[in-house]
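*Asks:* Here you go, protein.pdb (PDB, C-alpha atoms, pLDDT in the B column):
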ATOM      1  CA  MET P   1     128.601  84.622 116.675  1.00 73.00           C
ATOM      2  CA  THR P   2     125.350  82.824 117.475  1.00 80.00           C
ATOM      3  CA  GLU P   3     121.971  84.511 117.101  1.00 77.00           C
ATOM      4  CA  ASP P   4     121.569  84.466 120.886  1.00 79.00           C
ATOM      5  CA  THR P   5     124.901  86.228 121.316  1.00 80.00           C
ATOM      6  CA  LYS P   6     124.027  88.780 118.618  1.00 76.00           C
ATOM      7  CA  THR P   7     120.751  89.523 120.391  1.00 78.00           C
ATOM      8  CA  LYS P   8     122.548  90.074 123.703  1.00 79.00           C
ATOM      9  CA  VAL P   9     125.108  92.358 122.039  1.00 79.00           C
ATOM     10  CA  LYS P  10     122.357  94.340 120.239  1.00 74.00           C
ATOM     11  CA  LYS P  11     120.604  94.995 123.540  1.00 77.00           C
ATOM     12  CA  SER P  12     123.863  96.115 125.159  1.00 77.00           C
ATOM     13  CA  VAL P  13     124.874  98.844 122.692  1.00 78.00           C
ATOM     14  CA  LEU P  14     125.043 102.304 124.274  1.00 75.00           C
ATOM     15  CA  ILE P  15     125.213 105.765 122.739  1.00 73.00           C
ATOM     16  CA  ALA P  16     128.843 105.950 123.910  1.00 76.00           C
ATOM     17  CA  ASP P  17     129.628 102.900 121.764  1.00 78.00           C
ATOM     18  CA  ILE P  18     128.604 104.707 118.589  1.00 79.00           C
ATOM     19  CA  GLY P  19     129.757 108.201 119.489  1.00 76.00           C
ATOM     20  CA  ASP P  20     132.632 108.203 116.983  1.00 81.00           C
ATOM     21  CA  LEU P  21     130.386 107.748 113.944  1.00 86.00           C
ATOM     22  CA  PRO P  22     130.075 110.546 111.355  1.00 88.00           C
ATOM     23  CA  PRO P  23     127.730 113.442 112.210  1.00 89.00           C
ATOM     24  CA  THR P  24     125.122 112.436 109.626  1.00 89.00           C
ATOM     25  CA  ILE P  25     124.911 108.979 111.163  1.00 89.00           C
ATOM     26  CA  LEU P  26     124.637 110.467 114.655  1.00 90.00           C
ATOM     27  CA  THR P  27     121.702 112.542 113.407  1.00 92.00           C
ATOM     28  CA  ALA P  28     120.019 109.298 112.340  1.00 91.00           C
ATOM     29  CA  VAL P  29     120.709 107.861 115.801  1.00 90.00           C
ATOM     30  CA  GLU P  30     119.086 110.913 117.407  1.00 90.00           C
ATOM     31  CA  ILE P  31     116.003 110.545 115.206  1.00 94.00           C
ATOM     32  CA  LEU P  32     115.646 106.764 115.401  1.00 93.00           C
ATOM     33  CA  GLY P  33     116.953 106.147 118.894  1.00 89.00           C
ATOM     34  CA  VAL P  34     119.851 103.849 119.707  1.00 87.00           C
ATOM     35  CA  GLU P  35     117.796 100.646 119.809  1.00 87.00           C
ATOM     36  CA  ASN P  36     116.183 101.222 116.398  1.00 91.00           C
ATOM     37  CA  PHE P  37     119.480 102.352 114.892  1.00 90.00           C
ATOM     38  CA  VAL P  38     121.214  99.196 116.096  1.00 88.00           C
ATOM     39  CA  GLU P  39     118.372  97.120 114.633  1.00 89.00           C
ATOM     40  CA  LEU P  40     118.784  98.965 111.327  1.00 92.00           C
ATOM     41  CA  CYS P  41     122.513  98.228 111.367  1.00 89.00           C
ATOM     42  CA  TYR P  42     121.817  94.603 112.229  1.00 87.00           C
ATOM     43  CA  SER P  43     119.321  94.198 109.390  1.00 89.00           C
ATOM     44  CA  LEU P  44     120.893  96.356 106.661  1.00 93.00           C
ATOM     45  CA  GLY P  45     124.455  96.973 107.832  1.00 90.00           C
ATOM     46  CA  GLY P  46     127.118  97.073 105.149  1.00 92.00           C
ATOM     47  CA  ILE P  47     124.883  98.032 102.245  1.00 94.00           C
ATOM     48  CA  ALA P  48     124.778 101.401 100.550  1.00 92.00           C
ATOM     49  CA  LEU P  49     121.510 103.017 101.560  1.00 89.00           C
ATOM     50  CA  TYR P  50     120.015 105.994  99.769  1.00 91.00           C
ATOM     51  CA  ILE P  51     117.625 108.095 101.830  1.00 91.00           C
ATOM     52  CA  PRO P  52     115.323 110.106  99.575  1.00 93.00           C
ATOM     53  CA  LYS P  53     114.433 113.715 100.227  1.00 93.00           C
ATOM     54  CA  PHE P  54     111.334 114.398 102.293  1.00 92.00           C
ATOM     55  CA  GLU P  55     109.486 115.838  99.304  1.00 90.00           C
ATOM     56  CA  ARG P  56     109.902 112.563  97.395  1.00 92.00           C
ATOM     57  CA  VAL P  57     108.508 110.506 100.247  1.00 93.00           C
ATOM     58  CA  ALA P  58     105.701 112.882 101.222  1.00 95.00           C
ATOM     59  CA  GLY P  59     104.648 114.096  97.756  1.00 95.00           C
ATOM     60  CA  ALA P  60     101.797 111.634  97.280  1.00 94.00           C
ATOM     61  CA  ALA P  61     100.429 112.346 100.765  1.00 96.00           C
ATOM     62  CA  ARG P  62     100.640 116.095 100.107  1.00 97.00           C
ATOM     63  CA  ASP P  63      98.785 115.674  96.818  1.00 97.00           C
ATOM     64  CA  ARG P  64      96.004 113.677  98.516  1.00 96.00           C
ATOM     65  CA  LEU P  65      95.601 116.437 101.095  1.00 97.00           C
ATOM     66  CA  ILE P  66      95.437 119.069  98.366  1.00 97.00           C
ATOM     67  CA  VAL P  67      92.730 117.140  96.505  1.00 97.00           C
ATOM     68  CA  LYS P  68      90.805 116.604  99.746  1.00 97.00           C
ATOM     69  CA  GLU P  69      90.987 120.300 100.665  1.00 97.00           C
ATOM     70  CA  PHE P  70      90.185 121.555  97.165  1.00 97.00           C
ATOM     71  CA  ASN P  71      86.797 123.284  97.102  1.00 97.00           C
ATOM     72  CA  GLY P  72      86.555 124.183  93.439  1.00 94.00           C
ATOM     73  CA  GLY P  73      88.459 127.446  93.415  1.00 92.00           C
ATOM     74  CA  ASN P  74      90.983 127.690  96.239  1.00 97.00           C
ATOM     75  CA  TYR P  75      94.073 127.126  94.090  1.00 97.00           C
ATOM     76  CA  ILE P  76      95.984 130.139  95.440  1.00 97.00           C
ATOM     77  CA  GLU P  77      95.206 129.301  99.070  1.00 97.00           C
ATOM     78  CA  LEU P  78      96.411 125.720  98.633  1.00 97.00           C
ATOM     79  CA  ALA P  79      99.502 126.869  96.757  1.00 97.00           C
ATOM     80  CA  LYS P  80     100.471 129.134  99.655  1.00 97.00           C
ATOM     81  CA  LYS P  81      99.651 126.522 102.271  1.00 97.00           C
ATOM     82  CA  TYR P  82     101.775 123.818 100.621  1.00 96.00           C
ATOM     83  CA  ASP P  83     104.485 126.145  99.255  1.00 95.00           C
ATOM     84  CA  LEU P  84     103.732 125.320  95.629  1.00 96.00           C
ATOM     85  CA  THR P  85     102.878 127.360  92.579  1.00 97.00           C
ATOM     86  CA  GLU P  86      99.250 127.806  91.635  1.00 98.00           C
ATOM     87  CA  ALA P  87      99.986 126.027  88.360  1.00 98.00           C
ATOM     88  CA  TRP P  88     101.328 123.007  90.232  1.00 97.00           C
ATOM     89  CA  VAL P  89      98.209 122.816  92.416  1.00 98.00           C
ATOM     90  CA  ARG P  90      96.087 123.000  89.257  1.00 97.00           C
ATOM     91  CA  GLN P  91      98.075 120.090  87.786  1.00 97.00           C
ATOM     92  CA  ILE P  92      97.550 118.018  90.936  1.00 97.00           C
ATOM     93  CA  VAL P  93      93.797 118.655  90.896  1.00 97.00           C
ATOM     94  CA  ALA P  94      93.551 118.023  87.138  1.00 96.00           C
ATOM     95  CA  LYS P  95      95.493 114.763  87.422  1.00 94.00           C
ATOM     96  CA  ASP P  96      93.164 113.573  90.186  1.00 93.00           C
ATOM     97  CA  ARG P  97      90.084 114.451  88.119  1.00 92.00           C
ATOM     98  CA  TRP P  98      91.516 112.690  85.074  1.00 91.00           C
ATOM     99  CA  GLU P  99      92.316 109.552  87.080  1.00 88.00           C
ATOM    100  CA  LYS P 100      88.813 109.458  88.585  1.00 87.00           C
ATOM    101  CA  ASN P 101      87.231 109.785  85.131  1.00 85.00           C
ATOM    102  CA  GLN P 102      89.174 106.919  83.608  1.00 80.00           C
ATOM    103  CA  THR P 103      87.293 103.667  83.207  1.00 67.00           C
ATOM    104  CA  THR P 104      88.981 100.332  83.413  1.00 63.00           C
ATOM    105  CA  LEU P 105      88.970  98.050  80.395  1.00 60.00           C
ATOM    106  CA  PHE P 106      88.951  94.881  82.427  1.00 61.00           C
TER     107      PHE P 106
END
Reformat the file's structure so that it appears as structure tokens.
*Replies:*
Amino acid sequence: MTEDTKTKVKKSVLIADIGDLPPTILTAVEILGVENFVELCYSLGGIALYIPKFERVAGAARDRLIVKEFNGGNYIELAKKYDLTEAWVRQIVAKDRWEKNQTTLF
């Protein structure tokens, strides 16, 4: 199939064409939309793809928000807000402080 033909086929795929896929895949179609899902299949189709949990992807962003919102003593408030333990919030803040205090050797 030529690239031109593949492009025409990609643009012609309808939700009815993929309706017999497994439920987890249909959830991805609902989230991404048919056009983006078809593009994903076109680009990565046939490979095993691991999708990490949300917490793994968003953990660094969450930690940055915690550090930004930290006012010197609001550990419990941040723990409740981000559904973490107070100890974990303290570790996040301490790690940020430690990283900021490190000097580079080069």
*Asks:* Which one is closest to P:Tyr42: P:Arg90, P:Lys11, P:Lys95, P:Lys100? Count all atoms listed in the file.
*Replies:*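 Residue with the minimum atom-to-atom distance to P:Tyr42: P:Lys11.
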*Asks:* Could you tell me which of P:Lys80, P:Asp96, P:Glu3, P:Thr24 comes closest to P:Lys68 if we count all atoms listed in the file?
*Replies:* P:Asp96
*Asks:* What is the atom CA of P:Met1 to atom CA of P:Ile51 distance in Å?
*Replies:* 29.9 Å
*Asks:* Which residues are close to stretch 35-41 of chain P, i.e. within 9 Å by only C-alpha atoms, leaving aside same-chain residues fewer than 5 positions away? Reply as a list of chain:residue names.
*Replies:* P:Lys10, P:Lys11, P:Val13, P:Leu14, P:Ala28, P:Val29, P:Glu30, P:Gly46
*Asks:* Is it possible to get the axis-aligned box enclosing stretch 21-27 of chain P (all listed atoms, 6 Å extra per side) as lines of an AutoDock Vina configuration file, with centre and edge lengths in Å rounded to one decimal?
*Replies:*
center_x = 126.0
center_y = 110.6
center_z = 112.1
size_x = 20.7
size_y = 17.7
size_z = 17.0
*Asks:* For stretch 73-75 of chain P, list every protein, DNA or RNA residue within 12 Å, evaluated using only C-alpha atoms, and leave out those in the same chain fewer than 2 positions away; present the list as number ranges by chain.
*Replies:* P: 66-71, 77-94
